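Coordinates as given in entry05.csv (CSV, C-alpha atoms):
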chain,number,residue,atom,x,y,z
A,1,MET,CA,102.0,2.1,121.1
A,2,PHE,CA,101.4,-0.9,119.0
A,3,ARG,CA,99.6,-2.7,121.7
A,4,ARG,CA,97.3,0.2,122.3
A,5,PHE,CA,96.6,0.5,118.6
A,6,LEU,CA,95.9,-3.2,118.4
A,7,LEU,CA,93.5,-2.9,121.4
A,8,VAL,CA,91.6,0.0,119.7
A,9,LEU,CA,91.3,-2.1,116.5
A,10,LEU,CA,89.9,-5.1,118.5
A,11,ILE,CA,87.4,-2.9,120.3
A,12,LEU,CA,86.2,-1.3,117.0
A,13,ALA,CA,85.9,-4.8,115.4
A,14,ALA,CA,83.8,-6.0,118.3
A,15,VAL,CA,81.5,-3.0,118.1
A,16,ILE,CA,81.1,-3.3,114.3
A,17,GLY,CA,80.5,-7.0,114.6
A,18,ALA,CA,77.8,-6.4,117.3
A,19,LEU,CA,76.0,-3.8,115.1
A,20,ALA,CA,76.2,-6.1,112.0
A,21,PHE,CA,74.7,-9.0,114.1
A,22,VAL,CA,71.8,-6.8,115.2
A,23,LYS,CA,71.2,-5.6,111.7
A,24,PHE,CA,71.3,-9.1,110.4
A,25,ARG,CA,68.6,-10.2,112.9
A,26,GLN,CA,66.4,-7.3,111.9
A,27,ILE,CA,66.7,-8.1,108.2
A,28,GLN,CA,65.9,-11.8,109.0
A,29,GLY,CA,62.8,-10.6,110.9
A,30,GLN,CA,61.6,-8.5,108.0
A,31,ILE,CA,62.2,-11.3,105.5
A,32,ALA,CA,60.2,-13.6,107.7
A,33,MET,CA,57.4,-11.1,108.0
A,34,PHE,CA,57.2,-10.5,104.2
A,35,SER,CA,57.4,-14.2,103.5
A,36,GLN,CA,54.2,-14.8,105.4
A,37,PRO,CA,51.1,-14.8,103.1
A,38,MET,CA,49.1,-11.5,103.1
A,39,PRO,CA,45.6,-11.8,104.4
A,40,ALA,CA,42.9,-11.6,101.8
A,41,PRO,CA,41.3,-8.2,101.5
A,42,VAL,CA,37.8,-7.7,102.9
A,43,VAL,CA,35.3,-6.5,100.3
A,44,ALA,CA,31.6,-5.7,100.2
A,45,VAL,CA,29.5,-7.4,97.5
A,46,ALA,CA,26.3,-6.7,95.7
A,47,LEU,CA,23.9,-9.1,94.0
A,48,VAL,CA,23.0,-8.7,90.3
A,49,ARG,CA,19.2,-8.3,90.5
A,50,GLU,CA,16.6,-8.9,87.9
A,51,THR,CA,13.8,-6.3,88.2
A,52,SER,CA,11.2,-4.3,86.4
A,53,TRP,CA,12.7,-1.1,85.0
A,54,GLU,CA,11.0,2.2,84.2
A,55,PRO,CA,13.2,3.7,81.4
A,56,THR,CA,13.3,7.4,81.0
A,57,LEU,CA,14.6,10.0,78.5
A,58,ASP,CA,16.6,12.5,80.7
A,59,ALA,CA,17.0,16.1,79.8
A,60,VAL,CA,17.1,19.6,81.3
A,61,GLY,CA,14.6,22.3,80.7
A,62,SER,CA,13.1,25.5,81.9
A,63,VAL,CA,9.8,26.3,83.6
A,64,GLN,CA,7.6,28.7,81.6
A,65,ALA,CA,4.3,30.4,82.5
A,66,VAL,CA,1.3,29.4,80.4
A,67,GLN,CA,0.6,33.1,80.1
A,68,GLY,CA,3.0,35.9,81.1
A,69,VAL,CA,3.1,39.5,80.0
A,70,GLU,CA,4.6,42.9,81.0
A,71,VAL,CA,1.5,45.0,81.5
A,72,SER,CA,1.9,48.3,79.7
A,73,ASN,CA,-0.2,51.3,78.7
A,74,GLN,CA,-1.5,51.8,75.1
A,75,VAL,CA,-1.9,55.6,75.4
A,76,ALA,CA,0.3,58.2,77.1
A,77,GLY,CA,-0.8,59.8,80.4
A,78,GLN,CA,-0.1,60.7,84.0
A,79,VAL,CA,-0.7,58.1,86.7
A,80,GLN,CA,-3.7,59.2,88.7
A,81,GLU,CA,-4.4,56.1,90.7
A,82,ILE,CA,-2.6,52.7,91.5
A,83,ARG,CA,-4.9,49.9,92.6
A,84,PHE,CA,-2.5,47.0,93.2
A,85,ASP,CA,0.3,45.9,95.4
A,86,SER,CA,3.5,44.2,94.3
A,87,GLY,CA,3.2,40.4,94.3
A,88,ALA,CA,-0.6,40.5,94.6
A,89,ARG,CA,-2.9,37.9,92.9
A,90,VAL,CA,-5.4,39.5,90.5
A,91,ARG,CA,-8.4,38.3,88.5
A,92,GLN,CA,-9.0,39.1,84.8
A,93,GLY,CA,-10.4,42.6,84.4
A,94,ASP,CA,-9.2,43.9,87.8
A,95,ILE,CA,-8.2,47.6,87.5
A,96,LEU,CA,-4.4,48.1,88.0
A,97,VAL,CA,-3.8,51.7,87.1
A,98,ARG,CA,-5.8,54.7,86.1
A,99,LEU,CA,-4.3,57.5,84.0
A,100,ASP,CA,-5.5,61.2,84.2
A,101,ASP,CA,-8.4,61.6,81.8
A,102,ASP,CA,-10.0,65.0,82.8
A,103,VAL,CA,-9.2,66.6,79.5
A,104,ASP,CA,-10.5,63.6,77.5
A,105,GLN,CA,-13.7,63.6,79.5
A,106,ALA,CA,-14.2,67.3,78.7
A,107,ASP,CA,-13.6,66.6,75.0
A,108,LEU,CA,-16.0,63.8,75.2
A,109,GLU,CA,-18.8,66.0,76.4
A,110,GLY,CA,-18.2,68.4,73.5
A,111,LEU,CA,-18.3,65.5,71.0
A,112,LYS,CA,-21.5,64.2,72.5
A,113,ALA,CA,-23.1,67.7,72.1
A,114,ALA,CA,-22.1,67.7,68.5
A,115,GLU,CA,-23.6,64.3,68.1
A,116,ARG,CA,-26.9,65.4,69.5
A,117,LEU,CA,-26.9,68.5,67.3
A,118,ALA,CA,-26.3,66.3,64.2
A,119,ALA,CA,-29.1,64.0,65.3
A,120,LEU,CA,-31.5,67.0,65.6
A,121,LYS,CA,-30.5,68.2,62.1
A,122,LEU,CA,-31.0,64.8,60.6
A,123,GLY,CA,-34.5,64.5,62.2
A,124,ARG,CA,-35.5,67.9,61.0
A,125,ASN,CA,-34.3,67.4,57.4
A,126,SER,CA,-36.0,64.0,57.3
A,127,SER,CA,-39.3,65.7,58.2
A,128,LEU,CA,-38.8,68.4,55.6
A,129,LEU,CA,-37.9,65.9,53.0
A,130,LYS,CA,-41.4,64.5,53.1
A,131,GLY,CA,-42.8,68.0,52.2
A,132,LYS,CA,-40.0,68.3,49.6
A,133,VAL,CA,-38.7,71.4,51.4
A,134,VAL,CA,-35.2,70.0,51.3
A,135,SER,CA,-33.5,67.8,48.9
A,136,GLN,CA,-32.3,64.3,49.4
A,137,GLY,CA,-28.7,65.6,49.2
A,138,ASP,CA,-29.3,67.7,52.3
A,139,VAL,CA,-30.6,64.7,54.2
A,140,ASP,CA,-27.5,62.7,53.1
A,141,ASP,CA,-25.2,65.5,54.3
A,142,THR,CA,-26.8,65.6,57.7
A,143,THR,CA,-26.7,61.8,57.9
A,144,ALA,CA,-23.0,61.8,57.2
A,145,GLN,CA,-22.4,64.6,59.8
A,146,MET,CA,-24.3,62.5,62.5
A,147,ASP,CA,-22.2,59.3,61.6
A,148,GLN,CA,-19.0,61.3,61.9
A,149,ALA,CA,-20.0,62.9,65.2
A,150,ARG,CA,-20.9,59.4,66.5
A,151,ALA,CA,-17.6,58.0,65.4
A,152,LEU,CA,-15.7,60.8,67.2
A,153,VAL,CA,-17.6,60.0,70.4
A,154,LYS,CA,-16.7,56.3,70.1
A,155,ALA,CA,-13.0,57.1,69.4
A,156,LYS,CA,-12.7,59.5,72.4
A,157,GLN,CA,-14.5,56.9,74.6
A,158,ALA,CA,-12.1,54.3,73.5
A,159,THR,CA,-9.1,56.5,74.4
A,160,ILE,CA,-10.6,57.1,77.9
A,161,ASP,CA,-11.2,53.4,78.4
A,162,LYS,CA,-7.5,52.7,77.5
A,163,LYS,CA,-6.4,55.0,80.3
A,164,VAL,CA,-7.8,52.4,82.7
A,165,ILE,CA,-5.3,49.5,82.6
A,166,ARG,CA,-6.8,46.2,83.6
A,167,ALA,CA,-5.4,42.7,84.2
A,168,PRO,CA,-5.7,40.7,81.0
A,169,PHE,CA,-5.9,37.3,82.8
A,170,ASP,CA,-5.8,35.7,86.2
A,171,GLY,CA,-2.4,35.6,87.7
A,172,GLN,CA,0.2,36.9,90.1
A,173,LEU,CA,1.8,40.3,89.8
A,174,GLY,CA,5.5,41.1,90.1
A,175,ILE,CA,7.1,44.2,91.4
A,176,ARG,CA,5.5,47.6,90.6
A,177,LYS,CA,7.6,49.7,88.2
A,178,VAL,CA,5.6,53.0,88.2
A,179,ASP,CA,4.8,55.6,90.8
A,180,LEU,CA,1.8,57.9,91.4
A,181,GLY,CA,2.0,61.0,89.4
A,182,GLN,CA,4.5,59.6,86.9
A,183,PHE,CA,4.0,60.4,83.2
A,184,LEU,CA,3.9,57.3,81.1
A,185,LYS,CA,4.8,57.2,77.5
A,186,GLU,CA,3.0,54.7,75.3
A,187,GLY,CA,4.2,51.1,76.0
A,188,THR,CA,5.8,51.8,79.4
A,189,THR,CA,6.1,48.6,81.5
A,190,ILE,CA,3.9,48.9,84.6
A,191,VAL,CA,4.2,45.4,86.2
A,192,LEU,CA,4.9,41.8,85.2
A,193,LEU,CA,1.8,39.5,85.3
A,194,GLN,CA,2.2,35.7,85.1
A,195,ALA,CA,-0.3,32.8,85.3
A,196,LEU,CA,1.2,30.2,87.6
A,197,ASP,CA,-1.3,27.3,87.5
A,198,PRO,CA,-0.8,25.4,85.3
A,199,LEU,CA,2.8,25.8,84.0
A,200,TYR,CA,4.9,24.6,81.1
A,201,VAL,CA,8.3,23.0,81.1
A,202,ASP,CA,10.2,23.4,77.8
A,203,TYR,CA,13.1,21.0,77.0
A,204,ALA,CA,14.8,19.3,74.1
A,205,LEU,CA,15.5,15.7,73.2
A,206,PRO,CA,17.9,14.3,70.5
A,207,GLU,CA,16.3,13.6,67.2
A,208,ARG,CA,16.9,9.8,67.6
A,209,GLU,CA,14.3,9.9,70.4
A,210,PHE,CA,11.6,11.5,68.1
A,211,GLY,CA,9.8,8.2,67.5
A,212,ARG,CA,9.6,7.4,71.3
A,213,ILE,CA,7.6,10.4,72.4
A,214,GLN,CA,4.0,11.5,71.8
A,215,VAL,CA,1.5,14.0,73.2
A,216,GLY,CA,0.0,12.8,76.5
A,217,GLN,CA,3.1,10.9,77.5
A,218,PRO,CA,3.9,11.2,81.3
A,219,VAL,CA,6.8,13.5,82.3
A,220,ARG,CA,8.4,13.9,85.7
A,221,VAL,CA,10.5,17.0,86.7
A,222,ARG,CA,12.6,18.0,89.7
A,223,VAL,CA,13.8,21.4,90.7
A,224,ALA,CA,16.5,22.6,93.0
A,225,ALA,CA,14.0,24.5,95.2
A,226,HIS,CA,12.3,21.2,96.1
A,227,PRO,CA,14.9,18.5,95.7
A,228,ASP,CA,12.9,15.7,97.4
A,229,GLU,CA,9.8,16.2,95.4
A,230,ALA,CA,8.9,15.0,91.8
A,231,PHE,CA,6.3,16.9,89.9
A,232,GLN,CA,4.1,14.8,87.5
A,233,GLY,CA,2.9,16.2,84.2
A,234,SER,CA,2.5,15.2,80.5
A,235,ILE,CA,3.7,16.2,77.1
A,236,ALA,CA,1.4,19.0,75.7
A,237,ALA,CA,3.1,19.7,72.4
A,238,ILE,CA,6.0,18.6,70.2
A,239,THR,CA,7.5,20.7,67.4
A,240,PRO,CA,6.8,19.1,64.0
A,241,GLY,CA,10.4,19.4,62.9
A,242,VAL,CA,14.0,19.0,64.1
A,243,ASP,CA,16.3,22.0,64.8
A,244,LYS,CA,19.0,22.0,62.1
A,245,GLY,CA,21.6,23.5,64.4
A,246,THR,CA,21.3,21.2,67.4
A,247,ARG,CA,19.5,18.2,65.7
A,248,SER,CA,17.1,18.1,68.6
A,249,VAL,CA,13.3,18.2,68.9
A,250,GLN,CA,11.6,20.8,71.2
A,251,VAL,CA,9.1,19.4,73.7
A,252,ARG,CA,6.6,21.2,76.0
A,253,ALA,CA,5.1,19.5,79.0
A,254,ARG,CA,2.2,20.8,81.1
A,255,PHE,CA,2.1,20.6,84.9
A,256,ALA,CA,-0.6,21.4,87.4
A,257,ASN,CA,0.8,23.8,90.1
A,258,PRO,CA,-1.9,24.2,92.7
A,259,LYS,CA,0.7,24.9,95.5
A,260,LEU,CA,2.6,27.4,93.3
A,261,GLU,CA,5.9,25.5,94.1
A,262,LEU,CA,7.0,25.7,90.5
A,263,ARG,CA,7.9,29.2,89.2
A,264,PRO,CA,8.7,30.5,85.7
A,265,GLY,CA,12.4,30.5,85.0
A,266,MET,CA,13.3,27.6,87.2
A,267,PHE,CA,15.9,25.1,86.0
A,268,ALA,CA,14.3,21.6,85.8
A,269,ARG,CA,15.7,18.1,85.4
A,270,VAL,CA,13.2,16.4,83.2
A,271,GLU,CA,12.4,12.6,82.8
A,272,THR,CA,10.2,11.5,80.0
A,273,LEU,CA,8.8,8.2,81.1
A,274,LEU,CA,8.8,5.3,78.6
A,275,PRO,CA,6.9,1.9,78.9
A,276,THR,CA,8.0,-0.3,81.7
A,277,GLN,CA,10.6,-3.0,80.8
A,278,ASN,CA,10.6,-6.3,82.7
A,279,ARG,CA,13.6,-8.6,83.5
A,280,VAL,CA,16.3,-5.9,83.5
A,281,LEU,CA,19.6,-6.7,85.3
A,282,THR,CA,20.7,-3.9,87.6
A,283,LEU,CA,23.7,-3.1,89.8
A,284,PRO,CA,24.6,-0.3,92.2
A,285,ARG,CA,26.6,2.4,90.5
A,286,GLU,CA,29.5,2.0,93.0
A,287,ALA,CA,30.1,-1.6,91.9
A,288,ILE,CA,31.0,-0.5,88.4
A,289,THR,CA,34.4,0.9,87.3
A,290,PHE,CA,33.8,3.3,84.4
A,291,ASN,CA,36.6,3.8,81.9
A,292,THR,CA,36.9,5.2,78.4
A,293,TYR,CA,38.0,1.7,77.1
A,294,GLY,CA,35.0,0.0,78.7
A,295,ASP,CA,33.1,-0.6,82.0
A,296,SER,CA,34.0,-3.5,84.2
A,297,VAL,CA,33.3,-5.1,87.6
A,298,PHE,CA,35.0,-7.6,89.8
A,299,LEU,CA,32.9,-10.8,89.7
A,300,VAL,CA,33.3,-13.0,92.8
A,301,GLU,CA,33.5,-16.7,92.1
A,302,THR,CA,34.5,-19.8,94.1
A,303,ARG,CA,37.6,-21.4,92.7
A,304,ASP,CA,39.6,-24.2,94.5
A,305,GLY,CA,37.2,-23.7,97.4
A,306,LYS,CA,38.1,-20.0,97.9
A,307,PRO,CA,36.2,-16.9,96.8
A,308,LYS,CA,38.2,-15.0,94.2
A,309,ALA,CA,37.7,-11.8,92.3
A,310,GLN,CA,37.7,-11.9,88.6
A,311,ARG,CA,37.6,-8.7,86.5
A,312,ARG,CA,34.7,-8.9,84.0
A,313,GLN,CA,34.0,-6.4,81.1
A,314,ILE,CA,30.3,-5.5,81.0
A,315,GLU,CA,28.1,-3.2,78.9
A,316,THR,CA,25.8,-0.8,80.8
A,317,GLY,CA,22.6,0.9,79.8
A,318,GLN,CA,20.5,3.6,81.4
A,319,VAL,CA,21.0,5.0,84.9
A,320,ARG,CA,18.1,5.4,87.4
A,321,GLY,CA,19.2,7.0,90.6
A,322,ASP,CA,22.0,4.8,92.1
A,323,GLU,CA,21.0,1.8,89.9
A,324,VAL,CA,22.6,1.1,86.5
A,325,ALA,CA,21.2,-1.3,84.0
A,326,VAL,CA,23.6,-4.1,82.8
A,327,THR,CA,22.9,-5.2,79.2
A,328,SER,CA,25.6,-7.8,78.9
A,329,GLY,CA,28.5,-9.5,80.7
A,330,LEU,CA,26.6,-10.7,83.8
A,331,LYS,CA,23.6,-12.8,84.8
A,332,ALA,CA,21.0,-12.6,87.6
A,333,GLY,CA,22.4,-13.8,90.9
A,334,ASP,CA,26.0,-13.0,90.2
A,335,LEU,CA,28.0,-11.5,93.1
A,336,VAL,CA,30.2,-8.5,92.3
A,337,VAL,CA,32.4,-6.4,94.5
A,338,SER,CA,30.7,-3.1,95.5
A,339,ALA,CA,33.4,-1.7,97.8
A,340,GLY,CA,37.1,-2.3,98.0
A,341,GLN,CA,37.8,-3.0,94.3
A,342,VAL,CA,40.5,-0.4,94.1
A,343,LYS,CA,43.0,-2.7,96.0
A,344,LEU,CA,42.1,-5.8,94.0
A,345,THR,CA,44.0,-7.6,91.3
A,346,ASN,CA,42.7,-10.3,88.9
A,347,ASP,CA,42.1,-13.8,90.4
A,348,GLN,CA,42.9,-12.4,93.9
A,349,GLU,CA,41.4,-14.2,96.9
A,350,VAL,CA,38.9,-12.0,98.9
A,351,GLN,CA,37.0,-12.1,102.2
A,352,ILE,CA,33.3,-11.2,101.6
A,353,LYS,CA,31.6,-9.0,104.0
A,354,ASP,CA,28.3,-7.3,103.5
A,355,ALA,CA,26.7,-4.4,105.3
A,356,ALA,CA,25.3,-6.7,108.0
A,357,GLY,CA,28.7,-8.3,108.7
A,358,THR,CA,27.8,-11.7,107.2
A,359,ALA,CA,29.5,-13.4,104.3
A,360,PRO,CA,27.1,-14.6,101.6
A,361,ALA,CA,28.2,-17.6,99.6
A,362,PRO,CA,29.8,-16.6,96.3
A,363,THR,CA,28.8,-18.2,93.0
A,364,ALA,CA,31.0,-21.1,91.9
A,365,ALA,CA,32.6,-20.6,88.6
A,366,GLY,CA,30.1,-21.3,85.8
A,367,THR,CA,27.1,-21.8,88.2
A,368,GLN,CA,24.3,-19.6,89.4
A,369,PRO,CA,22.9,-19.6,92.9
A,370,GLN,CA,19.3,-20.8,93.4
In structure tokens, what does this structure look like?
Amino acid sequence: MFRRFLLVLLILAAVIGALAFVKFRQIQGQIAMFSQPMPAPVVAVALVRETSWEPTLDAVGSVQAVQGVEVSNQVAGQVQEIRFDSGARVRQGDILVRLDDDVDQADLEGLKAAERLAALKLGRNSSLLKGKVVSQGDVDDTTAQMDQARALVKAKQATIDKKVIRAPFDGQLGIRKVDLGQFLKEGTTIVLLQALDPLYVDYALPEREFGRIQVGQPVRVRVAAHPDEAFQGSIAAITPGVDKGTRSVQVRARFANPKLELRPGMFARVETLLPTQNRVLTLPREAITFNTYGDSVFLVETRDGKPKAQRRQIETGQVRGDEVAVTSGLKAGDLVVSAGQVKLTNDQEVQIKDAAGTAPAPTAAGTQPQ
């Protein structure tokens, strides 16, 4: 029994020793692998460029019609005739709706007859006055009667004219809101009418920008309906004061709209163009790391004959598309990492590779490429 027990112990010891040896070799292999230097990460770079810059004041606004009204009736009446289609374009003075005026026309005839009678009486009394058959007071009475009859005729004619609703200006109609035979109370909305060319865009700018804008200054807008197109206009009016609640100044820009691509109510991204600035340093937006404690980039410099990434704090200015203005911290010709900066640490060696697959020479520390 003892020999058997000893044999089992020897076999177990041999198995454990073999497993320990295999594990030892695996650990040695891993140590050797980690002890080898890691290859430098491959990054893309961008060049700090000096260019002309068209600064803008960015805002959001709303497209407004130069003229827009809800056409309504001034006097009550029943719709006798509708002379427009929804969405139609009309000219100033075009008839839109006629209200029933049969009773008014009959009343007008009676008033005209009374006017003629008053005129006859006035003529007769004027002739008799010459022979002193009637007094001057009789002539004055008949004159007043004729003036009153004439005024009643004009008033009734004005009421009849108001039962013909016309377009007050050139524009495009909306959706019809009345039907044939419908009785309309005074002020009932019949249809929306808007002038679409030209148009206004209303927006607001902070009060600190008040001194940088003036009437006639160029303005550019973009709308979601036409994202690839920029519409050019100019400032038409600026409010004389600043809003106390928002501390902003209201601005209205005017835009030609011959193709009717802009429509009232559209949301617009507005850029008020400022005078062009020369010698502005710019970088692609993706090269900059934006943080609450400051913006930074990884500057690529040659140190000890190797390209290394050095974190550099910078100050940024305005943004134009994918380009960001750099106001301090870099100089023209510097190389900065534009892709792959997430895996970098300070003073880490890098492999530079641009979009074409070539590696531009990095700037040596303290020098600028020619």
Closest atom pairs, residues of range 52-77 of chain A within 12 Å of range 234-258 of chain A, only C-alpha atoms, as a Markdown table:
| residue | atom | partner | partner_atom | distance |
| --- | --- | --- | --- | --- |
| A:Leu57 | CA | A:Val251 | CA | 11.9 |
| A:Ala59 | CA | A:Val251 | CA | 10.5 |
| A:Val60 | CA | A:Val251 | CA | 11.0 |
| A:Gly61 | CA | A:Arg252 | CA | 9.3 |
| A:Ser62 | CA | A:Arg252 | CA | 9.8 |
| A:Val63 | CA | A:Ala253 | CA | 9.5 |
| A:Gln64 | CA | A:Arg252 | CA | 9.4 |
| A:Ala65 | CA | A:Arg254 | CA | 9.9 |
| A:Val66 | CA | A:Arg254 | CA | 8.7 |
Just C-alpha atoms for this one: save the residues we selected as a short mmCIF file (atom, residue, chain, number, x, y, z; two decimals), keeping the file's coordinate frame.
data_model
loop_
_atom_site.label_atom_id
_atom_site.label_comp_id
_atom_site.auth_asym_id
_atom_site.auth_seq_id
_atom_site.Cartn_x
_atom_site.Cartn_y
_atom_site.Cartn_z
CA LEU A 57 14.60 10.00 78.50
CA ALA A 59 17.00 16.10 79.80
CA VAL A 60 17.10 19.60 81.30
CA GLY A 61 14.60 22.30 80.70
CA SER A 62 13.10 25.50 81.90
CA VAL A 63 9.80 26.30 83.60
CA GLN A 64 7.60 28.70 81.60
CA ALA A 65 4.30 30.40 82.50
CA VAL A 66 1.30 29.40 80.40
#
Find the residues around Trp53 in chain A up to 12 Å (all atoms listed in the file counted), leave out those fewer than 5 positions away in its own chain, and share them as number ranges by chain. A: 273-282, 317-321, 323-326
Those selected residues, please, written with C-alpha atoms and delivered as a short mmCIF file (atom, residue, chain, number, x, y, z; two decimals), in the frame of the given file.
data_model
loop_
_atom_site.label_atom_id
_atom_site.label_comp_id
_atom_site.auth_asym_id
_atom_site.auth_seq_id
_atom_site.Cartn_x
_atom_site.Cartn_y
_atom_site.Cartn_z
CA LEU A 273 8.80 8.20 81.10
CA LEU A 274 8.80 5.30 78.60
CA PRO A 275 6.90 1.90 78.90
CA THR A 276 8.00 -0.30 81.70
CA GLN A 277 10.60 -3.00 80.80
CA ASN A 278 10.60 -6.30 82.70
CA ARG A 279 13.60 -8.60 83.50
CA VAL A 280 16.30 -5.90 83.50
CA LEU A 281 19.60 -6.70 85.30
CA THR A 282 20.70 -3.90 87.60
CA GLY A 317 22.60 0.90 79.80
CA GLN A 318 20.50 3.60 81.40
CA VAL A 319 21.00 5.00 84.90
CA ARG A 320 18.10 5.40 87.40
CA GLY A 321 19.20 7.00 90.60
CA GLU A 323 21.00 1.80 89.90
CA VAL A 324 22.60 1.10 86.50
CA ALA A 325 21.20 -1.30 84.00
CA VAL A 326 23.60 -4.10 82.80
#
So how far away is CA of Leu111 in chain A from CA of Gly123 in chain A, in Å?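 These atoms are spaced 18.5 Å apart.
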Return the single residue from A:Ser135, A:Gln78, A:Gln145, A:Asn125 that is closest to Phe183 in chain A, with distances computed using only C-alpha atoms. A:Gln78
Using all atoms listed in the file, which protein or nucleic acid residues come within 9 Å of Arg83 in chain A? Drop anything in the same chain fewer than 5 positions from it, and give the result as JSON, numbers by chain. {"A": [94, 95, 96, 97, 98]}
Using all atoms listed in the file for the distances, tell me which of A:Ala339, A:Asp101, A:Arg4, A:Gly68 is nearest to Asp161 in chain A.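 The answer is A:Asp101, which sits nearest to Asp161 in chain A.
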How far is it from CA of Tyr293 in chain A to CA of Thr316 in chain A, in Å with one decimal? 13.0 Å
Point-to-point distance in Å for CA of Thr143 in chain A and CA of Ala119 in chain A: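 One can read the CA of Ala119 in chain A to CA of Thr143 in chain A distance as 8.1 Å.
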Nearby residues, (-3.2, 32.9, 92.3) file frame, 6 Å, only C-alpha atoms, as a list of chain:residue names: A:Arg89, A:Gly171, A:Gln172
Polymer residues at most 10 Å from Lys154 in chain A, all atoms listed in the file, same-chain spacing of 4 or more positions, as a PyMOL selection string: chain A and resi 108+111-112+148-150+158-160
Take the residues from that selection and write them out as a PDB file, in the coordinates of the input, keeping C-alpha atoms.
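Dumped everything to selection-v5.pdb:
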ATOM      1  CA  LEU A 108     -16.000  63.800  75.200  1.00  0.00           C
ATOM      2  CA  LEU A 111     -18.300  65.500  71.000  1.00  0.00           C
ATOM      3  CA  LYS A 112     -21.500  64.200  72.500  1.00  0.00           C
ATOM      4  CA  GLN A 148     -19.000  61.300  61.900  1.00  0.00           C
ATOM      5  CA  ALA A 149     -20.000  62.900  65.200  1.00  0.00           C
ATOM      6  CA  ARG A 150     -20.900  59.400  66.500  1.00  0.00           C
ATOM      7  CA  ALA A 158     -12.100  54.300  73.500  1.00  0.00           C
ATOM      8  CA  THR A 159      -9.100  56.500  74.400  1.00  0.00           C
ATOM      9  CA  ILE A 160     -10.600  57.100  77.900  1.00  0.00           C
TER      10      ILE A 160
END
In terms of the shortest atom-to-atom distance over only C-alpha atoms, which of A:Gly93, A:Glu229, A:Gly87, A:Thr272 is closest to Ile213 in chain A?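 Among the listed residues, the smallest separation from Ile213 in chain A belongs to A:Thr272.
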Find, counting only C-alpha atoms, the residue in A:Gln67, A:Leu205, A:Gln232, A:Asp140 that gets nearest to Phe169 in chain A.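 Using only C-alpha atoms, Phe169 in chain A sits closest to A:Gln67.
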Got a sec: who's within 12 Å of Lys343 in chain A, counting only C-alpha atoms, leaving out chain neighbours fewer than 6 positions off, as number ranges by chain? A: 40-43, 298, 309, 337, 349-350
Which of A:Lys353, A:Arg166, A:His226, A:Arg303 sits closest to Ala44 in chain A [using all atoms listed in the file]: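 Looking at the shortest contact to Ala44 in chain A, the residue is A:Lys353.
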Sphere at (-4.0, 55.4, 80.7), radius 6 Å, counting all atoms listed in the file: residues as a PyMOL selection string: chain A and resi 73+75+77+98-99+162-164
Considering all atoms listed in the file, state which residue in the set A:Leu262, A:Val8, A:Ala46, A:Leu335 is at the smallest distance from Arg285 in chain A.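 For Arg285 in chain A, the nearest of the given residues is A:Ala46.
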Provide range 39-50 of chain A of the preceding structure as a file containing N, CA and C atoms, as a tab-separated table (two decimals), in the first residue's frame.
chain	number	residue	atom	x	y	z
A	39	PRO	N	5.13	49.83	-31.34
A	39	PRO	CA	5.33	50.67	-32.52
A	39	PRO	C	4.64	52.02	-32.34
A	40	ALA	N	5.23	53.05	-32.89
A	40	ALA	CA	4.66	54.39	-32.79
A	40	ALA	C	3.31	54.43	-33.51
A	41	PRO	N	2.32	55.06	-32.91
A	41	PRO	CA	1.00	55.12	-33.56
A	41	PRO	C	1.04	55.97	-34.83
A	42	VAL	N	0.23	55.57	-35.79
A	42	VAL	CA	0.13	56.29	-37.06
A	42	VAL	C	-0.95	57.36	-36.93
A	43	VAL	N	-0.61	58.58	-37.28
A	43	VAL	CA	-1.55	59.70	-37.18
A	43	VAL	C	-1.57	60.47	-38.49
A	44	ALA	N	-2.68	61.13	-38.73
A	44	ALA	CA	-2.79	62.07	-39.85
A	44	ALA	C	-2.52	63.47	-39.33
A	45	VAL	N	-1.97	64.30	-40.19
A	45	VAL	CA	-1.61	65.65	-39.77
A	45	VAL	C	-2.26	66.68	-40.69
A	46	ALA	N	-2.34	67.89	-40.18
A	46	ALA	CA	-2.84	69.01	-40.96
A	46	ALA	C	-1.89	70.18	-40.78
A	47	LEU	N	-1.78	71.00	-41.81
A	47	LEU	CA	-0.87	72.14	-41.80
A	47	LEU	C	-1.61	73.38	-41.35
A	48	VAL	N	-1.01	74.15	-40.47
A	48	VAL	CA	-1.57	75.44	-40.08
A	48	VAL	C	-1.37	76.40	-41.26
A	49	ARG	N	-2.48	76.86	-41.81
A	49	ARG	CA	-2.41	77.68	-43.02
A	49	ARG	C	-2.74	79.14	-42.70
A	50	GLU	N	-2.11	80.00	-43.47
A	50	GLU	CA	-2.38	81.43	-43.39
A	50	GLU	C	-3.21	81.82	-44.61
